[in-house]
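Structure, as structure tokens:
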Amino acid sequence: MSDFPTKARVVIIGGGVVGASTLYHLAKKGWTDCVLLEKNELTAGSTWHAAGNVPTFSTSWAIMNMQRYSTELYARLGEEVDYPMNYHQSGSIRLAHTKERMQEFQRAMSMGRYQGIKMEMWTPEEAKEKYPFLETHDLAGVLFDPSDGDIDPAQLTQALAKGARDMGAKIIRFCPAQGVTQHEDGTWTVHTEKGDIACEKVVNAAGYYAQRVGEWFKPYGGRTVPMMVMSHQYLLTEQIPEVEAWSKANGGKKLPLIRDVDVSYYLRQEKHGYNLGPYEPNCRAHWETDADPMPDDFSFQLWNDDLDRIEDIVADAMERVPLMQTSGVSSVINGPIPYAPDGLPLMGPMPGVKNAFEACVFTFGIAQGGGAGKVMAEWIIDGATEWDMWAVDPRRYTDYTDHDYCVKKGMEVYGNEYAMHFPQHEWPAARDKKLSPVHGAVVAKGGVMGAFNGWERANWFAKDGDDTSLEATHTWGRSGPWEARVKEECEAVRDGVGVLDLPGFSRFNLEGEGAAEYLRGKITGGLPKAGRMNLVYFADDRGRILTEMSCMRHAEDHFTMITAGAAQWHDFEVLKNDLPAGISLTDHTTEFGTMIVAGPKTRALFEALGVEADLSLGWLSHQDATVAGTPCRLVRVSFAGELGWEVHCTNQNQPALYAAITEAGAVPFGMYALNSLRLEKGYRAWKGDLSTDYSMLEGGLDRFVKLDKPQDFPGKAALFAEKQQGVAKRFVTLIVEAGECDAPYMSCLSYGGEIVGETTSGGWGHRVNASIAYGMIRADLAVPGTELSVDIYGESFRAVVQEDQPLWDPENARIRA
Ligand SMILES: Cc1cc2nc3c(=O)[nH]c(=O)nc-3n(C[C@H](O)[C@H](O)[C@H](O)COP(=O)(O)OP(=O)(O)OC[C@H]3O[C@@H](n4cnc5c(N)ncnc54)[C@H](O)[C@@H]3O)c2cc1C
């Protein structure tokens, strides 16, 4: 085949909407020398049979950004690439049955307003006026999203493909990729029946086949792609004369799409009938057992109908829109949708593999495909994205996502596709993947557990009679059975001693001649001296906050780097990229335990237990020690903001230490208390306050940036320029005169009626007895005393900018005691 390309910059494996959009956006950014391989015809995977709904609604900022971008792109794409398409922005109405649902809608509406999406809240009566066939007597309210709509997924994919081809990119259909080989210099050969293609970068966009394609990357550092496949159905009804009459009377318009999220379905006008798509709790996974293996090829195929599974939901929909009872079902589509364990796609660098990317496992790929192409092109070409995309980054999963986990989580997410994600609610499926050596003791003390990168940690400690049911967490409010306990835990840390078992704290050893110089060239600031520990920051080339690590220095060229549990694979890669020969980097996360022991009486507690260590060594010191005769390392830091040490020890030694410390009177505290304590101290949390949405200087981390050091660290030039020009935004601490809820992530901050920023975290400070929020606001407003208003679940509250210092113990006298 003469025109078969033997070379390309990028090869994309998979020609669904996501692969096509990635190709299109690469070409738009100037990378036209790219090839897309499709094993069958374009759209043969999930794309061809998708219902084509394109919502913008999301309670995730990153997902909303992607979906909003898609709607903007789809509205202009037909013209942009000269390929007419059926795209109807008919709007949607989302039905609320409860107060909590109304609060969720208000939150999304506020985020939408910030992004330029003009959603509206309607009363049930207003909804009835606009949608005469809707039964509204039992509704609390309705959210209207004018930008919602539907598109023909095949036309969309073809339009993206045409646009890409017109710019010079190549699409080769009926040409399955059969394997990959990576070369010494990090480039690839992608093998196909028709020949090999040499390329710089490869993208796995293989939809529900992504796990299979992912296997090829294992020899080069890859892992099993965390995913499973669900069967999803929608049914089409016969034409309904009343719907036709309504459309005619309304200038050919379609009725807005209904999402009855508390019942779990969408209902959309399709021609003059309906398309009903349920997400049923008694759902069905496919291709998960040896008895039901995934076929080599399922192109353009469907499963048989399985209406029994969805009959309750269908009955409910018929009550909601009684008109539906007049028509029969004309056809049913039952096709595969891939699910990652949290229902969000995998987009970004492939974990462990250089020059490889994932853009796969999309459950809402039609809605997200446009935005996904933009994000993928940025990852591939720039190595960084405009918006922080951690929510979908493949590195958010590590080694605990085995088959059992993926299947149970996928089914849980599918059956709760429209569920509210309350802040204190921990989803119950597939738990206990990674347990601390003292897990049993923590649970025995009343630990109510949460999962952090697969590790079980106590969120709070219940006492006899406390309600630990999941139902008790169904609130956006601060109050619940945990509230009094969290207060007690914070007070124990403030007045006595508390202990928190923190399994899964990511821990890397970096060692070898030149390790210090290597680090200096990567971090924005300075290194600690041997025997000391510092916070160090890594920026990207734009000076934005890539990550934060605690750096413990043992000798000139020997470090332990400690970082958030969730950051394990992400941060390992940050350290590993460009690691020179002769320096070793190893992950020891699972070998050690960490306990935070904090409070003014900590020193006395250790002395009473018998300690071999110098407890007068100052803040940020670390030393080998024994406590109660058991070896450990004492690190004089405290995320809780009191006198205290982190006790690092081997798994083997931890049970004895935990038992000794608790028996000596330390009160167990949990992650909720820790969050409250850290908010009072100005300590930022990873991927909320610390994200690539903000530069180091915007984040108020100036003191960790040394522009005068000789090393040319990533982001140095950008930060230098930003320093000269002044920052656009600035990190602030706010005291909020809040009601029953504290400000969640991405609550809008306004000044004089104009949105001027957003919160990055919020919660109640039990030592200062106030609702605290961290925010990023227009730099000129970052002046103590500035009064803003913050929108919390639809209500406005006064929020006042505080001095740029911790709210609790601003001089750090307690930590240094
Ligand atoms: C019934 C149903 C209704 C849905 N409705 C909606 C909706 O309303 N809105 C929405 O947003 N989403 C919807 N979805 C989900 C949506 O269909 C998917 O999220 C989306 O199509 C995924 O696109 P993709 O490009 O990632 O994957 P796919 O479309 O599956 O594309 C992957 C492609 O990779 C190809 N491929 C695989 N292996 C190879 C190989 N080795 N070499 C070359 N090519 C290969 C496949 O042939 C396939 O064409 C629905 C899904 C179902 C089942």
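Please note that chains go A, B, ... in the order of the structure tokens, that every chain numbers its residues from 1, and that ligands are numbered from 1 in the order shown.
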
- Task: Give the residue list for ligand 1 at 6 Å, counting only C-alpha atoms and all ligand atoms, as JSON, numbers by chain, sorted by chain and then by residue number.
- Result: {"A": [13, 14, 15, 16, 17, 18, 19, 37, 38, 39, 40, 42, 43, 44, 45, 46, 47, 49, 50, 51, 52, 53, 54, 176, 177, 178, 205, 206, 207, 208, 209, 232, 233, 234, 299, 333, 334, 335, 336, 337, 360, 361, 362, 363, 364, 365, 366, 367]}

- Task: Please run DSSP on the backbone and report, as an MDAnalysis selection string, all residues within stretch 270-452 of chain A that come out as helix (DSSP H, G or I).
- Result: chainID A and resid 307:320 322:326 365:382 390:392 394:396 403:415 439:444

Limited to C-alpha atoms, could you put the picked residues into a file as a short mmCIF file (atom, residue, chain, number, x, y, z; two decimals), in the first residue's frame?
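New file again-v4.cif:
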data_model
loop_
_atom_site.label_atom_id
_atom_site.label_comp_id
_atom_site.auth_asym_id
_atom_site.auth_seq_id
_atom_site.Cartn_x
_atom_site.Cartn_y
_atom_site.Cartn_z
CA LEU A 307 -35.89 -4.66 29.54
CA ASP A 308 -36.60 -6.46 32.84
CA ARG A 309 -33.67 -4.67 34.37
CA ILE A 310 -35.07 -1.25 33.63
CA GLU A 311 -38.83 -1.79 33.94
CA ASP A 312 -39.18 0.07 37.25
CA ILE A 313 -37.47 3.10 35.83
CA VAL A 314 -39.52 2.96 32.65
CA ALA A 315 -42.68 2.84 34.78
CA ASP A 316 -41.49 5.86 36.73
CA ALA A 317 -40.77 7.82 33.56
CA MET A 318 -44.28 7.04 32.35
CA GLU A 319 -45.68 8.59 35.51
CA ARG A 320 -43.48 11.63 35.03
CA PRO A 322 -47.87 10.28 31.16
CA LEU A 323 -47.95 10.94 27.45
CA MET A 324 -45.39 8.20 27.07
CA GLN A 325 -48.03 5.67 28.07
CA THR A 326 -49.71 6.22 24.73
CA GLY A 365 -17.40 10.42 25.43
CA ILE A 366 -19.81 12.27 23.17
CA ALA A 367 -20.26 15.07 25.69
CA GLN A 368 -16.60 15.10 26.64
CA GLY A 369 -14.98 14.22 23.32
CA GLY A 370 -14.56 17.81 22.10
CA GLY A 371 -12.90 18.96 25.29
CA ALA A 372 -10.92 15.75 25.52
CA GLY A 373 -9.30 16.43 22.14
CA LYS A 374 -8.20 19.86 23.30
CA VAL A 375 -6.80 18.51 26.57
CA MET A 376 -5.00 15.61 24.87
CA ALA A 377 -3.38 17.87 22.26
CA GLU A 378 -2.09 20.05 25.09
CA TRP A 379 -0.70 17.07 26.99
CA ILE A 380 0.98 15.68 23.89
CA ILE A 381 2.39 18.90 22.46
CA ASP A 382 2.93 21.11 25.52
CA TRP A 390 -6.09 15.69 37.84
CA ALA A 391 -9.73 14.54 38.08
CA VAL A 392 -9.17 12.42 34.96
CA PRO A 394 -4.67 8.10 34.74
CA ARG A 395 -2.09 8.40 37.55
CA ARG A 396 -4.90 8.96 40.08
CA HIS A 403 -10.15 -6.71 38.42
CA ASP A 404 -12.45 -7.22 41.40
CA TYR A 405 -12.07 -3.57 42.38
CA CYS A 406 -12.75 -2.29 38.86
CA VAL A 407 -15.88 -4.43 38.44
CA LYS A 408 -17.37 -3.58 41.83
CA LYS A 409 -16.62 0.11 41.53
CA GLY A 410 -17.79 0.34 37.93
CA MET A 411 -21.12 -1.22 38.87
CA GLU A 412 -21.43 1.03 41.89
CA VAL A 413 -20.80 4.14 39.81
CA TYR A 414 -23.14 3.07 37.02
CA GLY A 415 -25.97 2.30 39.43
CA HIS A 439 -5.99 -1.15 60.89
CA GLY A 440 -7.67 -3.51 63.35
CA ALA A 441 -6.70 -1.34 66.31
CA VAL A 442 -7.92 1.82 64.57
CA VAL A 443 -11.28 0.25 63.76
CA ALA A 444 -11.56 -1.14 67.29
#

- Message: Just checking: using only C-alpha atoms, which residue out of A:Arg478, A:Arg431, A:His766, A:Arg284 ends up closest to A:Cys490?
- Response: A:His766

- Message: Env of A:Glu612: 8 Å cut, atoms = only C-alpha atoms, seq-sep filter 2 positions within chain, self excluded. Answer as a PyMOL selection string.
- Response: chain A and resi 610+614+625-627

- Could you please determine the separation between atom CA of A:Met121 and atom CA of A:Leu143 in Å, to one decimal place?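 Those two atoms sit 4.6 Å apart.
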
- Task: Please provide the set of residues having any atom within 10 Å of stretch 788-805 of chain A, restricted to only C-alpha atoms, with same-chain residues fewer than 4 positions apart removed, written as a PyMOL selection string.
- Result: chain A and resi 100+102-111+476-477+680-682+700+731-759+771-775+777+781-784+809-812

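Closest approach to A:Thr760 among A:Thr136, A:Thr181, A:Trp61, A:Ala291: A:Trp61, based on only C-alpha atoms.
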
- Item | Option closest in space to A:Ala770, from A:Leu677, A:Ala721, A:Asp693, A:Lys248 [counting only C-alpha atoms] |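 Among the listed residues, the smallest separation from A:Ala770 belongs to A:Leu677.
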
- Task: Grab the atom CA of A:Gly465 to atom CA of A:Thr98 distance for me, in Å with one decimal place.
- Result: 27.5 Å

- Give me the residues within 10 Å of A:Val81 as a PyMOL selection string, counting only C-alpha atoms and dropping any in the same chain fewer than 6 places off. chain A and resi 159-167

- Query: Which residues, written as JSON, numbers by chain, have at least one atom at most 10 Å from A:Glu244, with only C-alpha atoms counted and residues fewer than 3 positions away on the same chain left out?
  - Reply: {"A": [239, 240, 241, 247, 248, 249, 250, 252, 253, 254, 269, 271, 272, 273]}

- Query: Hey, can you check how far atom CA of A:Thr662 sits from atom CA of A:Met549?
  - Reply: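 Separation of atom CA of A:Thr662 and atom CA of A:Met549: 28.3 Å.
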
- Message: When you look at stretch 529-542 of chain A with a cut-off of 7 Å (counting only C-alpha atoms), what residues show up, excluding the ones that are within fewer than 5 positions of it in the same chain? I need them as a VMD selection string.
- Response: chain A and resid 522 to 524 547 to 556 620 to 623 714 to 715 718

- Message: Which residue is closest to A:Gly221? Choose from A:Ile117, A:Val353, A:Ala384, A:Ala285 and count only C-alpha atoms.
- Response: A:Val353

- What are the DSSP strand (DSSP E) residues of stretch 373-546 of chain A, as JSON, numbers by chain? {"A": [447, 448, 449, 450, 451, 452, 455, 456, 457, 458, 459, 460, 461, 498, 499, 500, 501, 506, 507, 508, 509, 510, 511, 533, 534, 535, 536, 537, 538, 539, 545, 546]}

Once you have the residues from the selection above, write them out as a CSV table (one decimal), in the first residue's frame, restricted to N, CA and C atoms.
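Generated output (result.csv):
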chain,number,residue,atom,x,y,z
A,447,GLY,N,-12.8,3.9,64.6
A,447,GLY,CA,-12.5,4.5,63.4
A,447,GLY,C,-13.5,4.4,62.3
A,448,VAL,N,-14.1,5.5,61.8
A,448,VAL,CA,-15.0,5.4,60.7
A,448,VAL,C,-14.1,5.7,59.4
A,449,MET,N,-14.0,4.7,58.6
A,449,MET,CA,-12.9,4.7,57.6
A,449,MET,C,-13.3,5.4,56.3
A,450,GLY,N,-12.2,5.9,55.6
A,450,GLY,CA,-12.3,6.4,54.3
A,450,GLY,C,-11.2,5.9,53.4
A,451,ALA,N,-11.4,5.8,52.1
A,451,ALA,CA,-10.3,5.3,51.2
A,451,ALA,C,-9.5,6.4,50.6
A,452,PHE,N,-8.2,6.3,50.7
A,452,PHE,CA,-7.3,7.3,50.2
A,452,PHE,C,-6.2,6.6,49.3
A,455,TRP,N,-5.9,3.1,50.4
A,455,TRP,CA,-5.6,2.9,51.8
A,455,TRP,C,-6.7,3.3,52.7
A,456,GLU,N,-7.0,2.5,53.7
A,456,GLU,CA,-8.1,2.8,54.6
A,456,GLU,C,-7.5,3.7,55.8
A,457,ARG,N,-8.1,4.9,55.9
A,457,ARG,CA,-7.7,5.7,57.0
A,457,ARG,C,-8.9,6.2,57.8
A,458,ALA,N,-8.8,6.4,59.1
A,458,ALA,CA,-10.0,6.9,59.8
A,458,ALA,C,-10.3,8.3,59.5
A,459,ASN,N,-11.6,8.6,59.2
A,459,ASN,CA,-12.0,9.9,59.0
A,459,ASN,C,-12.3,10.6,60.3
A,460,TRP,N,-13.0,9.8,61.2
A,460,TRP,CA,-13.3,10.3,62.5
A,460,TRP,C,-13.5,9.0,63.4
A,461,PHE,N,-13.6,9.2,64.7
A,461,PHE,CA,-13.7,8.1,65.6
A,461,PHE,C,-15.1,8.2,66.3
A,498,GLY,N,-2.8,14.0,70.5
A,498,GLY,CA,-3.6,13.2,69.6
A,498,GLY,C,-2.7,12.3,68.7
A,499,VAL,N,-3.2,11.2,68.2
A,499,VAL,CA,-2.4,10.4,67.3
A,499,VAL,C,-3.3,10.0,66.1
A,500,LEU,N,-2.7,10.1,64.9
A,500,LEU,CA,-3.4,9.8,63.7
A,500,LEU,C,-2.5,8.8,62.9
A,501,ASP,N,-3.0,7.6,62.6
A,501,ASP,CA,-2.4,6.6,61.8
A,501,ASP,C,-2.6,7.0,60.3
A,506,SER,N,3.0,8.7,50.6
A,506,SER,CA,3.9,8.2,49.6
A,506,SER,C,5.4,8.6,50.0
A,507,ARG,N,6.3,7.6,49.8
A,507,ARG,CA,7.6,7.7,50.3
A,507,ARG,C,8.6,7.2,49.3
A,508,PHE,N,9.5,8.1,48.9
A,508,PHE,CA,10.5,7.7,47.9
A,508,PHE,C,11.9,7.9,48.4
A,509,ASN,N,12.8,7.0,48.1
A,509,ASN,CA,14.2,7.2,48.4
A,509,ASN,C,15.0,7.7,47.2
A,510,LEU,N,15.7,8.8,47.3
A,510,LEU,CA,16.5,9.3,46.2
A,510,LEU,C,17.9,9.4,46.7
A,511,GLU,N,18.8,8.7,46.0
A,511,GLU,CA,20.1,8.6,46.5
A,511,GLU,C,21.1,8.4,45.4
A,533,MET,N,14.4,18.8,57.4
A,533,MET,CA,13.4,18.5,56.5
A,533,MET,C,12.8,19.8,56.0
A,534,ASN,N,12.5,20.0,54.7
A,534,ASN,CA,11.8,21.2,54.2
A,534,ASN,C,10.7,20.8,53.3
A,535,LEU,N,9.8,21.7,53.1
A,535,LEU,CA,8.8,21.6,52.0
A,535,LEU,C,9.5,22.0,50.7
A,536,VAL,N,9.4,21.2,49.6
A,536,VAL,CA,10.0,21.7,48.4
A,536,VAL,C,8.9,21.6,47.3
A,537,TYR,N,8.9,22.5,46.3
A,537,TYR,CA,7.9,22.6,45.3
A,537,TYR,C,8.5,22.4,43.9
A,538,PHE,N,7.7,21.8,43.1
A,538,PHE,CA,8.0,21.6,41.7
A,538,PHE,C,7.0,22.3,40.8
A,539,ALA,N,7.5,23.1,39.9
A,539,ALA,CA,6.6,23.9,39.0
A,539,ALA,C,6.7,23.3,37.6
A,545,ILE,N,1.9,25.3,39.8
A,545,ILE,CA,2.3,24.4,40.9
A,545,ILE,C,2.0,22.9,40.5
A,546,LEU,N,3.1,22.2,40.3
A,546,LEU,CA,3.0,20.8,39.8
A,546,LEU,C,2.8,19.9,41.1

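The nearest approach to A:Leu615 among the residues A:Gly629, A:Gly565, A:Pro281, A:Gly644, with only C-alpha atoms taken into account, belongs to A:Gly644.
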